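S.K.: The structure follows.
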Amino acid sequence: MRPPIIVSSLDMERLEQLLDSLPAAQAGTREALLDELARAELVEPEDMPDDVVTMNSRVRFVLDHGQEEFDMSLAYPKDVNGSADKLSILSPVGNALLGLKAGDSIDWTRPDGGRFEVTVREIVYQPERAGELHR
C-alpha cells in the first residue's frame, strides 16, 4: 500500500502544465506522475505541513534500505541543468518522492519494470516552511 501524499495547489498547477507539454515519447513518465497526482490530497501552499516533500524541497533519502543517503533538491527539468544535487520530478525517484512525509517509504516501479523502495529521512529545506509560497 502506498502512503498518502500531499501536494500544494501551486505545484499541482505547474506539474499539470509540465505534463501537458511532454512529448509522446515520455508517455510512461507522464502516466506515472499523473497517477500519483490523482491520489494526492491538495492543499494551499500556506497550509502545507512542514514535513512534506514539495517541489524545490531539499530531501535526504535512501533507496532500498541502503546505507548511502542522498541529499537532493526535487526540481523541475528546466532547473536540473546536469547538477548532481538536483533530482528531476520526471525521474522515477523524483516521482516517488513528491508528497511524501519525513519517515515515509514507498515502493516504486521503474520504466524498465524493476522495483525500488525510497524512504524519506528528512526534509532539509521546504520552500513553504521557509515562507516562499509563490516561488
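By convention here, the chains of the C-alpha cells are called A, B, ... in the order presented, each chain's residues are numbered starting at 1, and ligands are numbered starting at 1 in the order presented.
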Quick one: residues within 6 Å of A:Asn56, only C-alpha atoms counted, chain neighbours fewer than 5 positions away excluded, as a PyMOL selection string?
M.R.: chain A and resi 73-75
S.K.: Skip A:Arg30 itself and residues of its chain fewer than 4 positions away, then list as a JSON list (two decimals) with all heavy atoms, in the first residue's frame all residues within 12 Å of it, counting only C-alpha atoms.
M.R.:
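Full text of around03.json as output:
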[["chain", "number", "residue", "atom", "x", "y", "z"],
["A", 15, "LEU", "N", 2.85, 21.30, -12.33],
["A", 15, "LEU", "CA", 3.13, 19.95, -12.81],
["A", 15, "LEU", "C", 2.17, 19.54, -13.92],
["A", 15, "LEU", "O", 2.58, 18.88, -14.88],
["A", 15, "LEU", "CB", 3.08, 18.95, -11.64],
["A", 15, "LEU", "CG", 4.24, 19.08, -10.66],
["A", 15, "LEU", "CD1", 3.96, 18.29, -9.39],
["A", 15, "LEU", "CD2", 5.54, 18.65, -11.31],
["A", 16, "GLU", "N", 0.92, 19.93, -13.82],
["A", 16, "GLU", "CA", -0.03, 19.63, -14.90],
["A", 16, "GLU", "C", 0.40, 20.33, -16.19],
["A", 16, "GLU", "O", 0.32, 19.74, -17.27],
["A", 16, "GLU", "CB", -1.45, 20.04, -14.50],
["A", 16, "GLU", "CG", -2.05, 19.09, -13.48],
["A", 16, "GLU", "CD", -3.40, 19.54, -12.94],
["A", 16, "GLU", "OE1", -3.75, 20.74, -13.06],
["A", 16, "GLU", "OE2", -4.11, 18.67, -12.39],
["A", 17, "GLN", "N", 0.87, 21.56, -16.10],
["A", 17, "GLN", "CA", 1.37, 22.27, -17.28],
["A", 17, "GLN", "C", 2.59, 21.56, -17.86],
["A", 17, "GLN", "O", 2.71, 21.40, -19.08],
["A", 17, "GLN", "CB", 1.73, 23.72, -16.94],
["A", 17, "GLN", "CG", 0.53, 24.58, -16.66],
["A", 17, "GLN", "CD", 0.93, 25.97, -16.13],
["A", 17, "GLN", "OE1", 2.09, 26.29, -15.95],
["A", 17, "GLN", "NE2", -0.08, 26.78, -15.87],
["A", 18, "LEU", "N", 3.49, 21.12, -17.00],
["A", 18, "LEU", "CA", 4.68, 20.39, -17.44],
["A", 18, "LEU", "C", 4.27, 19.10, -18.16],
["A", 18, "LEU", "O", 4.76, 18.81, -19.25],
["A", 18, "LEU", "CB", 5.57, 20.07, -16.25],
["A", 18, "LEU", "CG", 6.75, 19.12, -16.52],
["A", 18, "LEU", "CD1", 7.75, 19.74, -17.47],
["A", 18, "LEU", "CD2", 7.42, 18.73, -15.20],
["A", 19, "LEU", "N", 3.37, 18.34, -17.57],
["A", 19, "LEU", "CA", 2.94, 17.08, -18.17],
["A", 19, "LEU", "C", 2.24, 17.29, -19.51],
["A", 19, "LEU", "O", 2.42, 16.49, -20.43],
["A", 19, "LEU", "CB", 2.05, 16.31, -17.19],
["A", 19, "LEU", "CG", 2.77, 15.80, -15.94],
["A", 19, "LEU", "CD1", 1.77, 15.22, -14.96],
["A", 19, "LEU", "CD2", 3.84, 14.79, -16.30],
["A", 20, "ASP", "N", 1.47, 18.36, -19.62],
["A", 20, "ASP", "CA", 0.80, 18.66, -20.89],
["A", 20, "ASP", "C", 1.80, 18.97, -22.00],
["A", 20, "ASP", "O", 1.49, 18.81, -23.18],
["A", 20, "ASP", "CB", -0.16, 19.85, -20.73],
["A", 20, "ASP", "CG", -1.42, 19.47, -19.96],
["A", 20, "ASP", "OD1", -1.70, 18.27, -19.79],
["A", 20, "ASP", "OD2", -2.13, 20.39, -19.53],
["A", 21, "SER", "N", 3.00, 19.42, -21.63],
["A", 21, "SER", "CA", 4.00, 19.81, -22.63],
["A", 21, "SER", "C", 4.95, 18.67, -23.01],
["A", 21, "SER", "O", 5.77, 18.84, -23.91],
["A", 21, "SER", "CB", 4.82, 20.99, -22.10],
["A", 21, "SER", "OG", 5.69, 20.57, -21.07],
["A", 22, "LEU", "N", 4.83, 17.53, -22.36],
["A", 22, "LEU", "CA", 5.76, 16.42, -22.64],
["A", 22, "LEU", "C", 5.48, 15.80, -24.00],
["A", 22, "LEU", "O", 4.32, 15.62, -24.38],
["A", 22, "LEU", "CB", 5.65, 15.34, -21.57],
["A", 22, "LEU", "CG", 6.20, 15.67, -20.19],
["A", 22, "LEU", "CD1", 6.00, 14.48, -19.27],
["A", 22, "LEU", "CD2", 7.66, 16.06, -20.26],
["A", 23, "PRO", "N", 6.54, 15.41, -24.71],
["A", 23, "PRO", "CA", 6.36, 14.71, -25.99],
["A", 23, "PRO", "C", 5.81, 13.30, -25.77],
["A", 23, "PRO", "O", 5.93, 12.73, -24.67],
["A", 23, "PRO", "CB", 7.78, 14.65, -26.56],
["A", 23, "PRO", "CG", 8.69, 14.81, -25.40],
["A", 23, "PRO", "CD", 7.95, 15.62, -24.38],
["A", 24, "ALA", "N", 5.24, 12.74, -26.80],
["A", 24, "ALA", "CA", 4.63, 11.40, -26.73],
["A", 24, "ALA", "C", 5.63, 10.34, -26.26],
["A", 24, "ALA", "O", 5.26, 9.37, -25.62],
["A", 24, "ALA", "CB", 4.05, 11.02, -28.08],
["A", 25, "ALA", "N", 6.90, 10.54, -26.55],
["A", 25, "ALA", "CA", 7.93, 9.58, -26.17],
["A", 25, "ALA", "C", 8.05, 9.43, -24.65],
["A", 25, "ALA", "O", 8.57, 8.44, -24.16],
["A", 25, "ALA", "CB", 9.29, 9.99, -26.74],
["A", 26, "GLN", "N", 7.54, 10.38, -23.91],
["A", 26, "GLN", "CA", 7.62, 10.32, -22.45],
["A", 26, "GLN", "C", 6.26, 9.95, -21.84],
["A", 26, "GLN", "O", 5.98, 10.30, -20.69],
["A", 26, "GLN", "CB", 8.11, 11.65, -21.89],
["A", 26, "GLN", "CG", 9.58, 11.92, -22.20],
["A", 26, "GLN", "CD", 10.07, 13.16, -21.51],
["A", 26, "GLN", "OE1", 9.64, 14.26, -21.81],
["A", 26, "GLN", "NE2", 10.98, 12.98, -20.58],
["A", 34, "LEU", "N", 1.03, 11.35, -13.36],
["A", 34, "LEU", "CA", -0.41, 11.62, -13.32],
["A", 34, "LEU", "C", -1.13, 10.72, -12.31],
["A", 34, "LEU", "O", -2.01, 11.19, -11.58],
["A", 34, "LEU", "CB", -1.04, 11.43, -14.70],
["A", 34, "LEU", "CG", -0.96, 12.61, -15.66],
["A", 34, "LEU", "CD1", -1.49, 12.21, -17.03],
["A", 34, "LEU", "CD2", -1.71, 13.80, -15.12],
["A", 35, "ASP", "N", -0.73, 9.46, -12.26],
["A", 35, "ASP", "CA", -1.33, 8.53, -11.29],
["A", 35, "ASP", "C", -1.08, 9.00, -9.86],
["A", 35, "ASP", "O", -1.98, 8.94, -9.02],
["A", 35, "ASP", "CB", -0.77, 7.12, -11.47],
["A", 35, "ASP", "CG", -1.31, 6.42, -12.70],
["A", 35, "ASP", "OD1", -2.29, 6.92, -13.30],
["A", 35, "ASP", "OD2", -0.76, 5.36, -13.06],
["A", 36, "GLU", "N", 0.13, 9.47, -9.59],
["A", 36, "GLU", "CA", 0.44, 9.97, -8.24],
["A", 36, "GLU", "C", -0.36, 11.23, -7.93],
["A", 36, "GLU", "O", -0.92, 11.36, -6.86],
["A", 36, "GLU", "CB", 1.93, 10.27, -8.10],
["A", 36, "GLU", "CG", 2.77, 9.09, -7.72],
["A", 36, "GLU", "CD", 2.36, 8.48, -6.39],
["A", 36, "GLU", "OE1", 2.83, 8.93, -5.33],
["A", 36, "GLU", "OE2", 1.58, 7.52, -6.41],
["A", 37, "LEU", "N", -0.40, 12.15, -8.87],
["A", 37, "LEU", "CA", -1.13, 13.41, -8.64],
["A", 37, "LEU", "C", -2.61, 13.15, -8.42],
["A", 37, "LEU", "O", -3.26, 13.84, -7.62],
["A", 37, "LEU", "CB", -0.91, 14.37, -9.82],
["A", 37, "LEU", "CG", 0.51, 14.89, -10.00],
["A", 37, "LEU", "CD1", 0.61, 15.74, -11.26],
["A", 37, "LEU", "CD2", 0.99, 15.67, -8.78],
["A", 89, "ILE", "N", 11.75, 15.92, -11.22],
["A", 89, "ILE", "CA", 10.45, 15.35, -10.88],
["A", 89, "ILE", "C", 10.06, 14.27, -11.89],
["A", 89, "ILE", "O", 9.28, 13.38, -11.58],
["A", 89, "ILE", "CB", 9.35, 16.45, -10.79],
["A", 89, "ILE", "CG1", 8.00, 15.87, -10.35],
["A", 89, "ILE", "CG2", 9.21, 17.18, -12.13],
["A", 89, "ILE", "CD1", 7.97, 15.26, -8.99],
["A", 90, "LEU", "N", 10.62, 14.31, -13.09],
["A", 90, "LEU", "CA", 10.29, 13.33, -14.12],
["A", 90, "LEU", "C", 11.08, 12.03, -13.99],
["A", 90, "LEU", "O", 10.81, 11.08, -14.71],
["A", 90, "LEU", "CB", 10.49, 13.93, -15.52],
["A", 90, "LEU", "CG", 9.59, 15.12, -15.86],
["A", 90, "LEU", "CD1", 9.87, 15.61, -17.27],
["A", 90, "LEU", "CD2", 8.12, 14.78, -15.67],
["A", 91, "SER", "N", 12.05, 11.99, -13.07],
["A", 91, "SER", "CA", 12.78, 10.74, -12.84],
["A", 91, "SER", "C", 11.92, 9.83, -11.95],
["A", 91, "SER", "O", 11.05, 10.31, -11.23],
["A", 91, "SER", "CB", 14.11, 11.04, -12.14],
["A", 91, "SER", "OG", 13.87, 11.46, -10.79],
["A", 92, "PRO", "N", 12.15, 8.52, -12.00],
["A", 92, "PRO", "CA", 11.37, 7.62, -11.14],
["A", 92, "PRO", "C", 11.47, 7.98, -9.66],
["A", 92, "PRO", "O", 10.47, 7.97, -8.94],
["A", 92, "PRO", "CB", 11.97, 6.24, -11.43],
["A", 92, "PRO", "CG", 12.47, 6.36, -12.83],
["A", 92, "PRO", "CD", 13.00, 7.77, -12.94],
["A", 95, "ASN", "N", 9.47, 11.19, -9.04],
["A", 95, "ASN", "CA", 8.03, 10.85, -9.00],
["A", 95, "ASN", "C", 7.65, 10.28, -7.64],
["A", 95, "ASN", "O", 6.63, 10.64, -7.06],
["A", 95, "ASN", "CB", 7.71, 9.76, -10.03],
["A", 95, "ASN", "CG", 7.43, 10.23, -11.43],
["A", 95, "ASN", "OD1", 6.80, 9.51, -12.17],
["A", 95, "ASN", "ND2", 7.89, 11.39, -11.84],
["A", 111, "PRO", "N", 10.66, 2.56, -15.17],
["A", 111, "PRO", "CA", 10.15, 2.33, -16.52],
["A", 111, "PRO", "C", 10.54, 0.96, -17.10],
["A", 111, "PRO", "O", 9.81, 0.39, -17.90],
["A", 111, "PRO", "CB", 10.78, 3.46, -17.34],
["A", 111, "PRO", "CG", 11.02, 4.55, -16.35],
["A", 111, "PRO", "CD", 11.37, 3.84, -15.06]]
S.K.: Using only C-alpha atoms for the distances, tell me which of A:Gly66, A:Pro77, A:Gly131, A:Gly99 is nearest to A:Glu117.
M.R.: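 Looking at the shortest contact to A:Glu117, the residue is A:Gly66.
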S.K.: Which neighbours of A:Ser105 fall inside 12 Å, counting only C-alpha atoms, when residues of the same chain fewer than 3 positions from it are skipped, and could you give them as number ranges by chain?
M.R.: A: 1-5, 61-65, 93, 96-102, 108, 116-122
S.K.: Just N, CA and C atoms for this one: save the residues we selected as a PDB file, in the first residue's frame.
M.R.:
ATOM      1  N   MET A   1       0.834  -1.192   0.000  1.00  0.00           N
ATOM      2  CA  MET A   1       0.000   0.000   0.000  1.00  0.00           C
ATOM      3  C   MET A   1       0.878   1.254   0.000  1.00  0.00           C
ATOM      4  N   ARG A   2       0.486   2.208  -0.794  1.00  0.00           N
ATOM      5  CA  ARG A   2       1.247   3.451  -0.861  1.00  0.00           C
ATOM      6  C   ARG A   2       0.786   4.417   0.221  1.00  0.00           C
ATOM      7  N   PRO A   3       1.735   5.139   0.827  1.00  0.00           N
ATOM      8  CA  PRO A   3       1.341   6.113   1.842  1.00  0.00           C
ATOM      9  C   PRO A   3       0.597   7.269   1.190  1.00  0.00           C
ATOM     10  N   PRO A   4      -0.245   7.958   1.965  1.00  0.00           N
ATOM     11  CA  PRO A   4      -0.931   9.126   1.398  1.00  0.00           C
ATOM     12  C   PRO A   4       0.083  10.210   1.051  1.00  0.00           C
ATOM     13  N   ILE A   5      -0.240  11.022   0.061  1.00  0.00           N
ATOM     14  CA  ILE A   5       0.644  12.129  -0.308  1.00  0.00           C
ATOM     15  C   ILE A   5      -0.135  13.437  -0.312  1.00  0.00           C
ATOM     16  N   PHE A  61      17.257  11.108   1.596  1.00  0.00           N
ATOM     17  CA  PHE A  61      16.531   9.859   1.397  1.00  0.00           C
ATOM     18  C   PHE A  61      17.488   8.709   1.135  1.00  0.00           C
ATOM     19  N   VAL A  62      16.968   7.496   1.282  1.00  0.00           N
ATOM     20  CA  VAL A  62      17.734   6.291   0.968  1.00  0.00           C
ATOM     21  C   VAL A  62      16.906   5.439   0.003  1.00  0.00           C
ATOM     22  N   LEU A  63      17.624   4.613  -0.739  1.00  0.00           N
ATOM     23  CA  LEU A  63      16.987   3.682  -1.671  1.00  0.00           C
ATOM     24  C   LEU A  63      17.203   2.258  -1.181  1.00  0.00           C
ATOM     25  N   ASP A  64      16.144   1.459  -1.226  1.00  0.00           N
ATOM     26  CA  ASP A  64      16.202   0.025  -0.902  1.00  0.00           C
ATOM     27  C   ASP A  64      16.913  -0.262   0.420  1.00  0.00           C
ATOM     28  N   HIS A  65      16.612   0.506   1.440  1.00  0.00           N
ATOM     29  CA  HIS A  65      17.172   0.301   2.781  1.00  0.00           C
ATOM     30  C   HIS A  65      18.695   0.374   2.806  1.00  0.00           C
ATOM     31  N   VAL A  93      12.661   8.309  -9.168  1.00  0.00           N
ATOM     32  CA  VAL A  93      12.813   8.661  -7.760  1.00  0.00           C
ATOM     33  C   VAL A  93      12.112   9.985  -7.473  1.00  0.00           C
ATOM     34  N   ALA A  96       8.477   9.370  -7.153  1.00  0.00           N
ATOM     35  CA  ALA A  96       8.178   8.672  -5.907  1.00  0.00           C
ATOM     36  C   ALA A  96       8.222   9.605  -4.697  1.00  0.00           C
ATOM     37  N   LEU A  97       9.151  10.556  -4.674  1.00  0.00           N
ATOM     38  CA  LEU A  97       9.335  11.420  -3.508  1.00  0.00           C
ATOM     39  C   LEU A  97       8.229  12.455  -3.314  1.00  0.00           C
ATOM     40  N   LEU A  98       7.664  12.951  -4.396  1.00  0.00           N
ATOM     41  CA  LEU A  98       6.699  14.047  -4.296  1.00  0.00           C
ATOM     42  C   LEU A  98       5.557  13.723  -3.340  1.00  0.00           C
ATOM     43  N   GLY A  99       5.349  14.603  -2.375  1.00  0.00           N
ATOM     44  CA  GLY A  99       4.208  14.479  -1.473  1.00  0.00           C
ATOM     45  C   GLY A  99       4.404  13.592  -0.261  1.00  0.00           C
ATOM     46  N   LEU A 100       5.541  12.872  -0.194  1.00  0.00           N
ATOM     47  CA  LEU A 100       5.794  12.020   0.963  1.00  0.00           C
ATOM     48  C   LEU A 100       6.182  12.865   2.166  1.00  0.00           C
ATOM     49  N   LYS A 101       5.958  12.314   3.354  1.00  0.00           N
ATOM     50  CA  LYS A 101       6.368  12.959   4.604  1.00  0.00           C
ATOM     51  C   LYS A 101       7.675  12.331   5.070  1.00  0.00           C
ATOM     52  N   ALA A 102       8.391  13.059   5.915  1.00  0.00           N
ATOM     53  CA  ALA A 102       9.587  12.509   6.544  1.00  0.00           C
ATOM     54  C   ALA A 102       9.196  11.219   7.255  1.00  0.00           C
ATOM     55  N   TRP A 108       8.227   1.578  -5.618  1.00  0.00           N
ATOM     56  CA  TRP A 108       8.020   2.226  -6.907  1.00  0.00           C
ATOM     57  C   TRP A 108       8.522   1.351  -8.035  1.00  0.00           C
ATOM     58  N   PHE A 116      11.969  -0.460  -6.782  1.00  0.00           N
ATOM     59  CA  PHE A 116      12.833   0.040  -5.723  1.00  0.00           C
ATOM     60  C   PHE A 116      11.955   0.636  -4.637  1.00  0.00           C
ATOM     61  N   GLU A 117      12.549   0.836  -3.471  1.00  0.00           N
ATOM     62  CA  GLU A 117      11.851   1.493  -2.382  1.00  0.00           C
ATOM     63  C   GLU A 117      12.649   2.734  -2.014  1.00  0.00           C
ATOM     64  N   VAL A 118      11.956   3.827  -1.837  1.00  0.00           N
ATOM     65  CA  VAL A 118      12.596   5.063  -1.394  1.00  0.00           C
ATOM     66  C   VAL A 118      12.004   5.432  -0.034  1.00  0.00           C
ATOM     67  N   THR A 119      12.892   5.843   0.876  1.00  0.00           N
ATOM     68  CA  THR A 119      12.484   6.246   2.221  1.00  0.00           C
ATOM     69  C   THR A 119      12.986   7.658   2.478  1.00  0.00           C
ATOM     70  N   VAL A 120      12.073   8.540   2.880  1.00  0.00           N
ATOM     71  CA  VAL A 120      12.424   9.925   3.183  1.00  0.00           C
ATOM     72  C   VAL A 120      12.956   9.972   4.610  1.00  0.00           C
ATOM     73  N   ARG A 121      14.180  10.444   4.778  1.00  0.00           N
ATOM     74  CA  ARG A 121      14.782  10.572   6.101  1.00  0.00           C
ATOM     75  C   ARG A 121      14.503  11.949   6.706  1.00  0.00           C
ATOM     76  N   GLU A 122      14.623  13.001   5.858  1.00  0.00           N
ATOM     77  CA  GLU A 122      14.471  14.357   6.390  1.00  0.00           C
ATOM     78  C   GLU A 122      14.149  15.325   5.264  1.00  0.00           C
TER      79      GLU A 122
END
S.K.: Taking 3 positions as the minimum chain separation for residues in the same chain, which residues sit within 10 Å of A:Pro127 when counting only C-alpha atoms? Answer as a ChimeraX atom specification.
M.R.: /A:45,48,50,53-58,130-135
S.K.: Got a sec to tell me which of stretch 62-121 of chain A DSSP assigns to strand (DSSP E), as a CSV table (one decimal) with C-alpha atoms, in the first residue's frame?
M.R.:
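What landed in part-v3.csv:
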chain,number,residue,atom,x,y,z
A,62,VAL,CA,17.7,6.3,1.0
A,63,LEU,CA,17.0,3.7,-1.7
A,69,GLU,CA,21.9,8.7,2.0
A,70,PHE,CA,21.2,11.1,-0.8
A,71,ASP,CA,20.7,14.8,-0.3
A,72,MET,CA,19.0,16.3,-3.3
A,73,SER,CA,16.5,19.0,-4.3
A,74,LEU,CA,13.4,18.0,-6.2
A,75,ALA,CA,13.4,20.1,-9.3
A,86,LYS,CA,19.1,18.2,-8.2
A,87,LEU,CA,16.6,15.5,-9.0
A,88,SER,CA,14.1,15.9,-11.8
A,105,SER,CA,8.6,4.8,2.4
A,106,ILE,CA,7.1,4.0,-1.0
A,107,ASP,CA,7.6,1.0,-3.3
A,108,TRP,CA,8.0,2.2,-6.9
A,109,THR,CA,8.3,0.7,-10.4
A,115,ARG,CA,11.2,-2.0,-8.5
A,116,PHE,CA,12.8,0.0,-5.7
A,117,GLU,CA,11.9,1.5,-2.4
A,118,VAL,CA,12.6,5.1,-1.4
A,119,THR,CA,12.5,6.2,2.2
A,120,VAL,CA,12.4,9.9,3.2
A,121,ARG,CA,14.8,10.6,6.1
S.K.: Mind listing the helix (DSSP H, G or I) residues of stretch 23-97 of chain A, per DSSP on the backbone, as a list in words?
M.R.: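 Of stretch 23-97 of chain A, the ones in helix (DSSP H, G or I) are Ala24, Ala25, Gln26, Ala27, Gly28, Thr29, Arg30, Glu31, Ala32, Leu33, Leu34, Asp35, Glu36, Leu37, Ala38, Pro45, Glu46, Asp47, Pro77, Lys78, Asp79, Val80, Pro92, Val93, Gly94, Asn95, Ala96 and Leu97 of chain A.
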S.K.: For the atom pair atom CA of A:Gly28 and atom CA of A:Tyr76, what is the interatomic distance in Å to one decimal place?
M.R.: 17.3 Å
S.K.: Which of these residues is nearest to A:Val59, using only C-alpha atoms: A:Asp112, A:Asp11, A:Asp85, A:Glu31?
M.R.: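 Answer, going by the shortest atom-to-atom distance: A:Asp85.
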S.K.: Just the number, please: distance in Å from atom CA of A:Gly114 to atom CA of A:Val7, one decimal.
M.R.: 25.9 Å
